[in-house]
$ cat final.csv   # CSV, C-alpha atoms and all ligand atoms
chain,number,residue,atom,x,y,z
A,252,MET,CA,136.6,32.2,92.5
A,253,ARG,CA,135.3,35.2,94.3
A,254,THR,CA,132.1,34.2,95.9
A,255,SER,CA,131.2,37.5,97.6
A,256,ILE,CA,131.0,41.1,96.6
A,257,GLU,CA,131.5,44.0,98.8
A,258,ILE,CA,128.6,46.5,98.9
A,259,GLY,CA,129.9,49.0,101.3
A,260,LYS,CA,131.3,49.7,104.7
A,261,ALA,CA,129.7,50.3,108.1
A,262,LEU,CA,131.7,51.1,111.3
A,263,GLY,CA,134.7,50.5,109.1
A,264,ILE,CA,133.7,46.9,108.5
A,265,PRO,CA,133.3,45.7,104.9
A,266,ILE,CA,129.7,44.4,104.2
A,267,LYS,CA,129.7,41.6,101.7
A,268,LEU,CA,127.0,39.7,99.8
A,269,HIS,CA,127.6,36.0,99.2
A,270,ILE,CA,126.5,34.6,95.9
A,271,THR,CA,123.9,32.3,97.6
A,272,PHE,CA,122.3,35.4,99.0
A,273,LEU,CA,121.1,36.4,95.5
A,274,LEU,CA,119.2,33.1,95.4
A,275,ILE,CA,117.1,34.1,98.4
A,276,LEU,CA,116.0,37.5,97.2
A,277,PRO,CA,113.4,36.6,94.5
A,278,PRO,CA,111.6,34.0,96.8
A,279,PHE,CA,111.4,36.6,99.6
A,280,ILE,CA,110.0,39.3,97.2
A,281,LEU,CA,107.4,36.7,96.0
A,282,ILE,CA,106.4,35.7,99.5
A,283,PHE,CA,105.9,39.4,100.5
A,284,MET,CA,103.9,39.9,97.3
A,285,ASN,CA,101.6,37.0,97.9
A,286,GLN,CA,101.0,36.9,101.7
A,287,PRO,CA,97.8,38.5,102.8
A,288,ALA,CA,97.9,41.5,105.2
A,289,PRO,CA,99.4,42.2,107.7
A,290,PHE,CA,102.4,40.1,106.6
A,291,GLY,CA,102.3,40.8,102.9
A,292,PHE,CA,100.9,42.9,100.1
A,293,ALA,CA,98.5,40.4,98.4
A,294,GLU,CA,95.6,42.9,98.5
A,295,ILE,CA,97.5,45.9,97.3
A,296,GLU,CA,96.7,47.0,93.7
A,297,PRO,CA,98.1,47.6,91.1
A,298,PHE,CA,100.8,45.0,90.6
A,299,TYR,CA,103.7,47.4,90.4
A,300,ALA,CA,102.9,48.9,93.8
A,301,ARG,CA,102.8,45.3,95.2
A,302,PHE,CA,106.2,44.6,93.6
A,303,ILE,CA,107.8,47.8,94.8
A,304,LEU,CA,106.6,47.4,98.4
A,305,ALA,CA,107.7,43.7,98.5
A,306,THR,CA,111.1,44.6,97.2
A,307,LEU,CA,111.5,47.4,99.6
A,308,THR,CA,110.5,45.2,102.5
A,309,THR,CA,113.0,42.5,101.4
A,310,ILE,CA,115.8,45.1,101.3
A,311,ILE,CA,114.9,46.5,104.7
A,312,LEU,CA,114.7,43.0,106.1
A,313,PHE,CA,118.3,42.3,105.1
A,314,ALA,CA,119.4,45.7,106.4
A,315,CYS,CA,117.9,44.6,109.7
A,316,VAL,CA,120.0,41.4,109.5
A,317,ILE,CA,123.1,43.6,108.9
A,318,ALA,CA,122.1,45.8,111.9
A,319,HIS,CA,121.9,42.7,114.0
A,320,GLU,CA,125.4,41.6,113.0
A,321,LEU,CA,126.8,45.2,113.3
A,322,SER,CA,125.5,45.3,116.8
A,323,HIS,CA,127.5,42.1,117.6
A,324,SER,CA,130.5,43.6,115.9
A,325,TYR,CA,130.3,47.0,117.7
A,326,ILE,CA,130.4,45.3,121.1
A,327,ALA,CA,133.2,43.0,119.9
A,328,MET,CA,135.3,45.9,118.7
A,329,ARG,CA,134.8,47.7,122.0
A,330,HIS,CA,136.4,44.7,123.6
A,331,GLY,CA,139.3,44.8,121.2
A,332,VAL,CA,138.1,42.0,118.9
A,333,ALA,CA,138.8,42.8,115.2
A,334,ILE,CA,136.0,42.1,112.7
A,335,GLU,CA,137.1,41.1,109.2
A,336,SER,CA,133.8,41.5,107.5
A,337,ILE,CA,130.1,40.9,107.7
A,338,THR,CA,128.7,38.6,105.0
A,339,LEU,CA,125.1,38.0,104.0
A,340,PHE,CA,124.4,34.5,102.7
A,341,ILE,CA,121.5,32.2,102.2
A,342,PHE,CA,120.9,31.5,105.9
A,343,GLY,CA,121.3,35.1,107.1
A,344,GLY,CA,124.3,37.1,108.2
A,345,ILE,CA,127.6,36.3,109.7
A,346,ALA,CA,130.3,38.6,111.3
A,347,SER,CA,133.7,37.0,111.0
A,348,MET,CA,135.8,37.8,114.0
A,349,LYS,CA,139.6,37.3,114.1
A,350,GLU,CA,139.3,35.3,117.2
A,351,ILE,CA,136.4,34.8,119.6
A,352,PRO,CA,137.2,35.9,123.1
A,353,ARG,CA,137.5,33.3,125.8
A,354,ASP,CA,136.3,35.7,128.5
A,355,PRO,CA,132.7,34.5,129.3
A,356,LYS,CA,131.6,38.0,130.2
A,357,VAL,CA,132.8,39.4,126.9
A,358,GLU,CA,131.4,36.5,124.9
A,359,SER,CA,128.0,36.8,126.4
A,360,ARG,CA,127.9,40.6,125.9
A,361,ILE,CA,128.8,40.2,122.2
A,362,ALA,CA,126.2,37.4,121.8
A,363,VAL,CA,123.4,39.3,123.6
A,364,ALA,CA,124.0,42.5,121.5
A,365,GLY,CA,122.5,41.0,118.3
A,366,PRO,CA,119.1,39.8,119.6
A,367,LEU,CA,118.9,43.0,121.6
A,368,ALA,CA,119.3,45.1,118.5
A,369,SER,CA,116.6,43.0,116.7
A,370,ILE,CA,114.2,43.5,119.6
A,371,LEU,CA,114.8,47.2,119.5
A,372,ILE,CA,114.4,47.5,115.8
A,373,GLY,CA,111.3,45.2,115.9
A,374,SER,CA,109.6,47.3,118.6
A,375,THR,CA,110.3,50.5,116.8
A,376,PHE,CA,108.6,49.2,113.7
A,377,LEU,CA,105.6,47.9,115.6
A,378,ILE,CA,105.2,51.4,117.2
A,379,LEU,CA,105.6,53.0,113.8
A,380,HIS,CA,102.9,50.7,112.4
A,381,VAL,CA,100.3,52.2,114.7
A,382,PRO,CA,99.7,55.6,113.0
A,383,PHE,CA,99.6,53.8,109.6
A,384,SER,CA,96.9,51.4,110.7
A,385,THR,CA,94.7,53.9,112.6
A,386,ILE,CA,94.8,56.8,110.2
A,387,PRO,CA,93.3,56.0,106.7
A,388,GLY,CA,95.3,56.8,103.6
A,389,ASN,CA,96.1,55.7,100.0
A,390,ILE,CA,97.5,52.4,99.0
A,391,TRP,CA,101.1,53.5,99.7
A,392,TRP,CA,100.2,54.6,103.2
A,393,GLU,CA,98.5,51.2,103.7
A,394,GLY,CA,101.5,49.5,102.2
A,395,PHE,CA,103.9,51.2,104.5
A,396,GLY,CA,101.7,50.2,107.4
A,397,ILE,CA,102.0,46.5,106.4
A,398,LEU,CA,105.8,46.9,105.8
A,399,ALA,CA,106.2,48.3,109.4
A,400,PHE,CA,104.1,45.5,110.9
A,401,ALA,CA,105.9,42.7,109.0
A,402,MET,CA,109.3,44.2,109.8
A,403,GLY,CA,108.4,44.5,113.5
A,404,TYR,CA,107.1,41.0,113.7
A,405,ILE,CA,110.0,39.4,111.8
A,406,ASN,CA,112.6,41.2,113.8
A,407,ILE,CA,111.1,40.0,117.1
A,408,ILE,CA,111.0,36.4,115.6
A,409,LEU,CA,114.6,36.8,114.6
A,410,ALA,CA,115.6,37.8,118.1
A,411,VAL,CA,113.6,34.9,119.7
A,412,PHE,CA,115.1,32.4,117.2
A,413,ASN,CA,118.6,33.6,117.8
A,414,LEU,CA,118.1,33.2,121.6
A,415,LEU,CA,117.4,29.5,121.2
A,416,PRO,CA,120.0,27.8,123.6
A,417,ALA,CA,121.9,26.0,120.9
A,418,PHE,CA,124.9,26.6,118.6
A,419,PRO,CA,125.3,28.3,116.2
A,420,MET,CA,122.6,30.7,117.5
A,421,ASP,CA,123.5,33.5,119.9
A,422,GLY,CA,121.6,31.7,122.6
A,423,GLY,CA,124.1,28.8,122.4
A,424,ARG,CA,127.0,31.3,123.1
A,425,ILE,CA,125.1,33.0,125.9
A,426,LEU,CA,124.5,29.5,127.5
A,427,ARG,CA,128.2,28.6,127.1
A,428,ALA,CA,129.3,31.8,128.7
A,429,TYR,CA,126.9,31.2,131.6
A,430,LEU,CA,128.2,27.7,132.0
A,431,ALA,CA,131.8,28.8,131.7
A,432,LYS,CA,131.5,30.9,134.8
A,433,ARG,CA,130.6,27.8,136.9
A,434,GLU,CA,132.3,24.9,135.0
A,435,SER,CA,135.9,24.0,135.6
A,436,SER,CA,137.0,24.9,132.0
A,437,TYR,CA,135.9,26.5,128.8
A,438,ILE,CA,135.9,23.2,127.0
A,439,ALA,CA,133.7,21.6,129.7
A,440,ALA,CA,131.3,24.5,129.3
A,441,THR,CA,131.3,24.0,125.6
A,442,ARG,CA,130.6,20.3,125.8
A,443,MET,CA,127.7,20.9,128.2
A,444,ALA,CA,126.3,23.7,126.0
A,445,VAL,CA,126.6,21.4,123.0
A,446,GLN,CA,124.7,18.5,124.8
A,447,ILE,CA,121.9,20.9,125.7
A,448,GLY,CA,121.8,22.2,122.1
A,449,LYS,CA,121.6,18.6,120.8
A,450,ILE,CA,118.8,17.6,123.2
A,451,PHE,CA,117.0,20.8,122.2
A,452,ALA,CA,117.4,19.9,118.5
A,453,ILE,CA,116.1,16.4,119.1
A,454,LEU,CA,113.0,17.7,120.9
A,455,MET,CA,112.4,20.2,118.1
A,456,GLY,CA,112.7,17.4,115.5
A,457,VAL,CA,110.3,15.2,117.4
A,458,PHE,CA,107.9,18.1,117.8
A,459,GLY,CA,108.2,18.7,114.0
A,460,LEU,CA,107.5,15.0,113.2
A,461,ILE,CA,104.4,14.9,115.4
A,462,TYR,CA,102.9,18.1,114.1
A,463,GLY,CA,104.2,17.7,110.5
A,464,GLY,CA,106.4,20.8,110.6
A,465,TRP,CA,109.0,20.0,108.0
A,466,MET,CA,110.7,23.4,108.4
A,467,LEU,CA,111.1,22.6,112.1
A,468,ILE,CA,112.7,19.2,111.3
A,469,LEU,CA,115.1,20.9,108.9
A,470,ILE,CA,116.1,23.6,111.4
A,471,ALA,CA,116.4,20.9,114.1
A,472,PHE,CA,118.7,18.9,111.8
A,473,PHE,CA,120.8,22.1,111.0
A,474,ILE,CA,121.1,22.9,114.8
A,475,TYR,CA,122.2,19.3,115.6
A,476,ILE,CA,125.0,19.3,113.0
A,477,ALA,CA,126.1,22.8,114.0
A,478,ALA,CA,126.3,21.8,117.6
A,479,SER,CA,128.6,18.9,116.8
A,480,GLU,CA,130.8,21.1,114.6
A,481,GLU,CA,131.2,23.7,117.4
A,482,GLU,CA,132.3,20.9,119.8
A,483,THR,CA,135.0,19.6,117.4
A,484,ALA,CA,136.2,23.1,116.6
A,485,THR,CA,136.5,24.0,120.3
A,486,ASN,CA,138.3,20.7,121.1
A,487,ILE,CA,140.8,21.3,118.3
A,488,GLN,CA,141.3,25.0,119.2
A,489,THR,CA,141.8,24.3,122.9
A,490,PHE,CA,144.2,21.5,122.1
A,491,LEU,CA,146.3,23.6,119.7
A,492,GLU,CA,146.6,26.4,122.1
A,493,GLY,CA,148.4,24.0,124.5
A,494,VAL,CA,150.9,22.9,121.8
A,495,GLU,CA,154.1,24.9,121.3
A,496,ILE,CA,155.6,24.5,117.9
A,497,ARG,CA,159.1,23.9,119.4
A,498,ASP,CA,158.8,20.1,119.0
A,499,LEU,CA,157.1,20.2,115.6
A,500,ILE,CA,159.5,22.3,113.5
A,501,SER,CA,162.1,20.8,111.1
A,502,ARG,CA,165.5,22.1,112.2
A,503,ASP,CA,167.7,20.7,109.5
A,504,VAL,CA,166.6,23.5,107.1
A,505,VAL,CA,168.0,23.6,103.6
A,506,THR,CA,168.4,27.3,102.7
A,507,VAL,CA,169.4,28.9,99.4
A,508,ASN,CA,171.4,32.0,98.4
A,509,PRO,CA,169.5,34.9,96.8
A,510,ASP,CA,172.0,35.3,94.0
A,511,ILE,CA,171.8,31.8,92.4
A,512,THR,CA,169.9,31.5,89.2
A,513,VAL,CA,166.5,29.8,88.9
A,514,ARG,CA,168.1,27.0,86.9
A,515,GLU,CA,170.6,26.3,89.7
A,516,LEU,CA,167.7,26.3,92.1
A,517,LEU,CA,165.8,23.8,90.0
A,518,ASP,CA,168.8,21.5,89.7
A,519,PHE,CA,169.1,21.7,93.5
A,520,MET,CA,165.3,21.0,94.0
A,521,LEU,CA,165.5,18.0,91.8
A,522,THR,CA,167.8,16.2,94.3
A,523,ASP,CA,166.5,17.7,97.5
A,524,ARG,CA,162.8,17.5,96.7
A,525,HIS,CA,161.5,20.1,99.1
A,526,LYS,CA,158.8,22.4,97.8
A,527,GLY,CA,160.0,25.6,99.4
A,528,TYR,CA,163.2,27.1,100.8
A,529,PRO,CA,164.1,30.0,103.0
A,530,VAL,CA,166.4,32.5,101.4
A,531,LEU,CA,169.2,33.8,103.6
A,532,ASP,CA,171.3,36.9,103.0
A,533,ALA,CA,175.0,37.0,103.8
A,534,ASP,CA,174.7,37.5,107.5
A,535,GLY,CA,172.3,34.5,107.9
A,536,SER,CA,169.0,36.4,108.4
A,537,PRO,CA,166.0,35.2,106.4
A,538,ILE,CA,164.9,37.6,103.7
A,539,GLY,CA,162.4,35.5,101.8
A,540,ILE,CA,161.0,32.2,100.8
A,541,VAL,CA,161.2,30.7,97.4
A,542,SER,CA,158.9,27.8,96.3
A,543,LEU,CA,158.1,25.8,93.2
A,544,THR,CA,155.1,28.0,92.5
A,545,ASP,CA,157.4,31.0,92.2
A,546,VAL,CA,159.6,29.1,89.8
A,547,LYS,CA,156.7,28.1,87.6
A,548,ASN,CA,156.1,31.7,86.6
A,549,VAL,CA,159.6,32.1,85.1
A,550,PRO,CA,159.6,31.6,81.3
A,551,LYS,CA,161.8,28.6,80.2
A,552,ASP,CA,164.3,30.7,78.2
A,553,LYS,CA,165.0,33.0,81.2
A,554,LEU,CA,166.0,30.3,83.7
A,555,ASP,CA,169.7,31.2,83.4
A,556,GLU,CA,169.1,34.9,83.8
A,557,VAL,CA,166.5,35.3,86.6
A,558,LEU,CA,167.8,35.1,90.1
A,559,VAL,CA,166.1,33.7,93.2
A,560,ARG,CA,166.2,37.2,94.6
A,561,ASP,CA,163.8,38.3,91.8
A,562,ILE,CA,161.1,35.7,92.3
A,563,MET,CA,161.2,35.0,96.0
A,564,SER,CA,158.3,36.2,98.2
A,565,THR,CA,159.8,38.8,100.5
A,566,ASP,CA,158.8,39.6,104.1
A,567,PRO,CA,158.4,36.0,105.1
A,568,ILE,CA,156.2,35.4,108.1
A,569,ALA,CA,158.3,34.4,111.1
A,570,VAL,CA,157.5,33.2,114.6
A,571,THR,CA,159.4,32.1,117.6
A,572,GLU,CA,159.6,28.5,119.0
A,573,ASP,CA,157.3,29.2,121.9
A,574,GLU,CA,154.4,30.2,119.6
A,575,SER,CA,151.3,28.0,119.9
A,576,ALA,CA,150.2,25.7,117.0
A,577,ALA,CA,146.8,27.5,117.1
A,578,GLU,CA,148.5,30.9,116.3
A,579,VAL,CA,150.7,29.4,113.6
A,580,LEU,CA,147.7,27.7,111.9
A,581,ARG,CA,145.9,31.1,112.0
A,582,LEU,CA,148.8,32.9,110.4
A,583,ILE,CA,149.1,30.2,107.7
A,584,SER,CA,145.5,30.5,106.7
A,585,GLN,CA,145.3,34.2,107.1
A,586,HIS,CA,148.3,34.8,104.8
A,587,ASN,CA,147.6,31.7,102.7
A,588,VAL,CA,151.2,30.5,102.8
A,589,GLY,CA,152.5,27.0,102.7
A,590,ARG,CA,155.3,27.4,105.3
A,591,ILE,CA,156.3,29.6,108.1
A,592,LEU,CA,159.8,30.5,109.4
A,593,VAL,CA,160.9,30.0,113.0
A,594,VAL,CA,163.5,32.4,114.2
A,595,ARG,CA,165.4,33.1,117.4
A,596,ASP,CA,167.0,36.6,117.8
A,597,GLY,CA,166.5,37.2,114.0
A,598,VAL,CA,168.4,34.0,113.1
A,599,LEU,CA,166.6,31.1,111.4
A,600,VAL,CA,166.3,28.0,113.5
A,601,GLY,CA,163.7,26.0,111.7
A,602,ILE,CA,160.8,25.9,109.3
A,603,LEU,CA,157.2,24.6,109.7
A,604,SER,CA,155.1,23.7,106.7
A,605,LYS,CA,151.4,23.6,106.7
A,606,THR,CA,151.3,19.9,105.7
A,607,ASP,CA,153.8,18.9,108.4
A,608,LEU,CA,151.9,20.9,111.0
A,609,ILE,CA,148.6,19.3,110.2
A,610,ARG,CA,150.2,15.8,110.1
A,611,SER,CA,151.8,16.4,113.5
A,612,ILE,CA,148.6,17.6,115.0
A,613,GLU,CA,146.8,14.5,113.7
A,614,ILE,CA,149.4,12.2,115.3
A,615,LEU,CA,149.4,14.2,118.6
A,616,ARG,CA,145.6,13.9,118.9
A,617,MET,CA,145.6,10.1,118.6
A,701,ZN,ZN,123.4,37.1,116.2

$ encode --input "final.csv" --output "structure tokens" --more "lines below"
Ligand SMILES: [Zn+2]
Amino acid sequence: MRTSIEIGKALGIPIKLHITFLLILPPFILIFMNQPAPFGFAEIEPFYARFILATLTTIILFACVIAHELSHSYIAMRHGVAIESITLFIFGGIASMKEIPRDPKVESRIAVAGPLASILIGSTFLILHVPFSTIPGNIWWEGFGILAFAMGYINIILAVFNLLPAFPMDGGRILRAYLAKRESSYIAATRMAVQIGKIFAILMGVFGLIYGGWMLILIAFFIYIAASEEETATNIQTFLEGVEIRDLISRDVVTVNPDITVRELLDFMLTDRHKGYPVLDADGSPIGIVSLTDVKNVPKDKLDEVLVRDIMSTDPIAVTEDESAAEVLRLISQHNVGRILVVRDGVLVGILSKTDLIRSIEILRM
């Protein structure tokens, strides 16, 4: 199921809305309609003016969140990091980068860029608010003044919140980058940043319990979980980068000829019981992969006519034996394939399936 829709492009990056984002729009509009000035339009009459102003404020608010993410993305792209998309969802915005750079200097620059953009936008709105509040005008004029104040205030809060020294906030990344310059390794820096983030989350939770701030408790809980996830992800990533696939691939590969029929392939599969086979042409170079899924699309009465050549997926993804498990996993998920070919000088030497790779990783990590 498609869970996000693309609404446009900025800096060449697709901007997407996640389904959960639509849930957050009505409550935001309601809040802005019912908050008294200077944070909302409760005193503005008539009703439709209140509604239009609150809706406009909500749209601008999310444009500001996109600007925050674009700012991260812009710096990332300048350092050669590809950005796949920016998605708005219920908790805000997220820019998906192909890979997060390990250079602490680059990582901290990318992380700082977002809050910096929010502070800049916030200050601009606060300055803009001044003429609206000092010069009297009609209700729209008054409304725009409130809009400017609310946007200024919220963007500054957004920046401060994002600078909290805990994952997944930008502050957590800045902290890790800072630690990575002095710690022995990236992983040690991550562990330390995670510990600081957890302590921070616990303090926040205790503070929330004492003063009855349930939002604070919820955020603290969210930060605590995210910190643990970041640690696991970094551990796995670092581990996988050190593993060459050389020892994990299956070398006794069963291959098939492109010119056999699908019925012949099925008979063969029945005894061999693999789910996918590399297809080799006459000189032994791989030209495709055929799997049970491809076979399922062939009508029953055509099994004797259709050839493997017609149904195989062409341009199979191939890597060499010294590729890291991290890169192979990335390719497998990016192209959404079940197996990847391993070649040496264009000749097939082995195959690595997603399930085998994951199983090997689990065993190696014991
Ligand atoms: Zn950010």

$ closest_residue --input "final.csv" --among "A:Ser536, A:Asn413, A:Gln286, A:Thr441" --to "ligand ZN 701 (chain A)" --atoms "only C-alpha atoms and all ligand atoms"
A:Asn413

$ residues_near_ligand --input "final.csv" --ligand "ligand ZN 701 (chain A)" --cutoff "6 Å" --atoms "all atoms listed in the file" --output "compact mmCIF listing (two decimals) with C-alpha atoms, in the coordinates of the input"
# COMPACT_ATOMS: atom_id res chain seq x y z
CA GLU A 320 125.40 41.60 113.00
CA GLY A 365 122.50 41.00 118.30
CA ASP A 421 123.50 33.50 119.90

$ closest_residue --input "final.csv" --among "A:Ser369, A:Thr306, A:Thr544, A:Thr606" --to "Leu321 in chain A" --atoms "all atoms listed in the file"
A:Ser369

$ closest_atom_pairs --input "final.csv" --of "range 423-528 of chain A" --to "range 575-591 of chain A" --cutoff "7 Å" --atoms "all atoms listed in the file" --output "CSV"
residue,atom,partner,partner_atom,distance
A:Gln488,CA,A:Ala577,CA,6.4
A:Leu491,CA,A:Ala577,CA,4.7
A:Glu492,CA,A:Ala577,CA,5.1
A:Gly493,CA,A:Ser575,CA,6.8
A:Val494,CA,A:Ser575,CA,5.5
A:Glu495,CA,A:Ser575,CA,4.4
A:Ile496,CA,A:Ala576,CA,5.6

$ residues_around --input "final.csv" --residues "Val504 in chain A" --least-positions-apart "5" --cutoff "10 Å" --atoms "only C-alpha atoms" --output "number ranges by chain"
A: 528-529, 599-603

$ closest_residue --input "final.csv" --among "A:Gly527, A:Gly394, A:Gly373, A:Gly344" --to "Ile303 in chain A" --atoms "only C-alpha atoms"
A:Gly394

$ atom_distance --input "final.csv" --atom1 "CA of Gly448 in chain A" --atom2 "CA of Leu276 in chain A"
29.8 Å

$ decode --input "final.csv" --residues "range 427-454 of chain A" --atoms "N, CA and C atoms" --output "PDB file, in the first residue's frame"
ATOM      1  N   ARG A 427      27.101  13.541  19.201  1.00  0.00           N
ATOM      2  CA  ARG A 427      27.900  12.397  18.770  1.00  0.00           C
ATOM      3  C   ARG A 427      29.098  12.861  17.944  1.00  0.00           C
ATOM      4  N   ALA A 428      28.849  13.825  17.040  1.00  0.00           N
ATOM      5  CA  ALA A 428      29.934  14.329  16.197  1.00  0.00           C
ATOM      6  C   ALA A 428      31.020  14.944  17.069  1.00  0.00           C
ATOM      7  N   TYR A 429      30.591  15.664  18.108  1.00  0.00           N
ATOM      8  CA  TYR A 429      31.554  16.290  19.015  1.00  0.00           C
ATOM      9  C   TYR A 429      32.361  15.216  19.748  1.00  0.00           C
ATOM     10  N   LEU A 430      31.662  14.177  20.218  1.00  0.00           N
ATOM     11  CA  LEU A 430      32.336  13.097  20.943  1.00  0.00           C
ATOM     12  C   LEU A 430      33.250  12.290  20.024  1.00  0.00           C
ATOM     13  N   ALA A 431      32.805  12.133  18.758  1.00  0.00           N
ATOM     14  CA  ALA A 431      33.585  11.316  17.812  1.00  0.00           C
ATOM     15  C   ALA A 431      34.957  11.919  17.540  1.00  0.00           C
ATOM     16  N   LYS A 432      35.085  13.229  17.739  1.00  0.00           N
ATOM     17  CA  LYS A 432      36.382  13.866  17.523  1.00  0.00           C
ATOM     18  C   LYS A 432      37.360  13.497  18.634  1.00  0.00           C
ATOM     19  N   ARG A 433      36.843  13.161  19.824  1.00  0.00           N
ATOM     20  CA  ARG A 433      37.737  12.862  20.938  1.00  0.00           C
ATOM     21  C   ARG A 433      37.754  11.382  21.321  1.00  0.00           C
ATOM     22  N   GLU A 434      36.656  10.657  21.032  1.00  0.00           N
ATOM     23  CA  GLU A 434      36.627   9.234  21.389  1.00  0.00           C
ATOM     24  C   GLU A 434      37.447   8.418  20.384  1.00  0.00           C
ATOM     25  N   SER A 435      37.753   7.175  20.776  1.00  0.00           N
ATOM     26  CA  SER A 435      38.560   6.321  19.921  1.00  0.00           C
ATOM     27  C   SER A 435      37.826   5.942  18.640  1.00  0.00           C
ATOM     28  N   SER A 436      36.513   5.730  18.731  1.00  0.00           N
ATOM     29  CA  SER A 436      35.792   5.286  17.544  1.00  0.00           C
ATOM     30  C   SER A 436      34.404   5.897  17.480  1.00  0.00           C
ATOM     31  N   TYR A 437      33.838   5.788  16.298  1.00  0.00           N
ATOM     32  CA  TYR A 437      32.497   6.285  16.036  1.00  0.00           C
ATOM     33  C   TYR A 437      31.481   5.578  16.931  1.00  0.00           C
ATOM     34  N   ILE A 438      31.694   4.261  17.063  1.00  0.00           N
ATOM     35  CA  ILE A 438      30.749   3.467  17.849  1.00  0.00           C
ATOM     36  C   ILE A 438      30.821   3.857  19.326  1.00  0.00           C
ATOM     37  N   ALA A 439      32.044   4.127  19.824  1.00  0.00           N
ATOM     38  CA  ALA A 439      32.195   4.551  21.219  1.00  0.00           C
ATOM     39  C   ALA A 439      31.497   5.891  21.430  1.00  0.00           C
ATOM     40  N   ALA A 440      31.634   6.780  20.442  1.00  0.00           N
ATOM     41  CA  ALA A 440      30.987   8.085  20.529  1.00  0.00           C
ATOM     42  C   ALA A 440      29.471   7.931  20.532  1.00  0.00           C
ATOM     43  N   THR A 441      28.973   7.011  19.683  1.00  0.00           N
ATOM     44  CA  THR A 441      27.529   6.787  19.631  1.00  0.00           C
ATOM     45  C   THR A 441      27.025   6.270  20.976  1.00  0.00           C
ATOM     46  N   ARG A 442      27.756   5.280  21.541  1.00  0.00           N
ATOM     47  CA  ARG A 442      27.330   4.714  22.823  1.00  0.00           C
ATOM     48  C   ARG A 442      27.243   5.805  23.882  1.00  0.00           C
ATOM     49  N   MET A 443      28.263   6.675  23.901  1.00  0.00           N
ATOM     50  CA  MET A 443      28.279   7.720  24.909  1.00  0.00           C
ATOM     51  C   MET A 443      27.125   8.707  24.684  1.00  0.00           C
ATOM     52  N   ALA A 444      26.915   9.093  23.421  1.00  0.00           N
ATOM     53  CA  ALA A 444      25.820  10.014  23.108  1.00  0.00           C
ATOM     54  C   ALA A 444      24.481   9.403  23.500  1.00  0.00           C
ATOM     55  N   VAL A 445      24.347   8.079  23.273  1.00  0.00           N
ATOM     56  CA  VAL A 445      23.106   7.390  23.630  1.00  0.00           C
ATOM     57  C   VAL A 445      22.899   7.417  25.147  1.00  0.00           C
ATOM     58  N   GLN A 446      23.980   7.158  25.908  1.00  0.00           N
ATOM     59  CA  GLN A 446      23.874   7.187  27.376  1.00  0.00           C
ATOM     60  C   GLN A 446      23.430   8.564  27.865  1.00  0.00           C
ATOM     61  N   ILE A 447      24.060   9.605  27.313  1.00  0.00           N
ATOM     62  CA  ILE A 447      23.695  10.974  27.705  1.00  0.00           C
ATOM     63  C   ILE A 447      22.230  11.237  27.360  1.00  0.00           C
ATOM     64  N   GLY A 448      21.813  10.798  26.175  1.00  0.00           N
ATOM     65  CA  GLY A 448      20.431  10.969  25.746  1.00  0.00           C
ATOM     66  C   GLY A 448      19.461  10.270  26.686  1.00  0.00           C
ATOM     67  N   LYS A 449      19.852   9.047  27.142  1.00  0.00           N
ATOM     68  CA  LYS A 449      18.972   8.284  28.043  1.00  0.00           C
ATOM     69  C   LYS A 449      18.852   8.978  29.397  1.00  0.00           C
ATOM     70  N   ILE A 450      19.983   9.435  29.929  1.00  0.00           N
ATOM     71  CA  ILE A 450      19.954  10.146  31.212  1.00  0.00           C
ATOM     72  C   ILE A 450      19.065  11.379  31.088  1.00  0.00           C
ATOM     73  N   PHE A 451      19.233  12.065  29.970  1.00  0.00           N
ATOM     74  CA  PHE A 451      18.447  13.253  29.694  1.00  0.00           C
ATOM     75  C   PHE A 451      16.956  12.914  29.670  1.00  0.00           C
ATOM     76  N   ALA A 452      16.616  11.807  29.000  1.00  0.00           N
ATOM     77  CA  ALA A 452      15.217  11.387  28.898  1.00  0.00           C
ATOM     78  C   ALA A 452      14.656  11.050  30.281  1.00  0.00           C
ATOM     79  N   ILE A 453      15.470  10.367  31.111  1.00  0.00           N
ATOM     80  CA  ILE A 453      15.007   9.999  32.448  1.00  0.00           C
ATOM     81  C   ILE A 453      14.753  11.260  33.291  1.00  0.00           C
ATOM     82  N   LEU A 454      15.694  12.203  33.244  1.00  0.00           N
ATOM     83  CA  LEU A 454      15.519  13.455  33.979  1.00  0.00           C
ATOM     84  C   LEU A 454      14.239  14.173  33.543  1.00  0.00           C
TER      85      LEU A 454
END
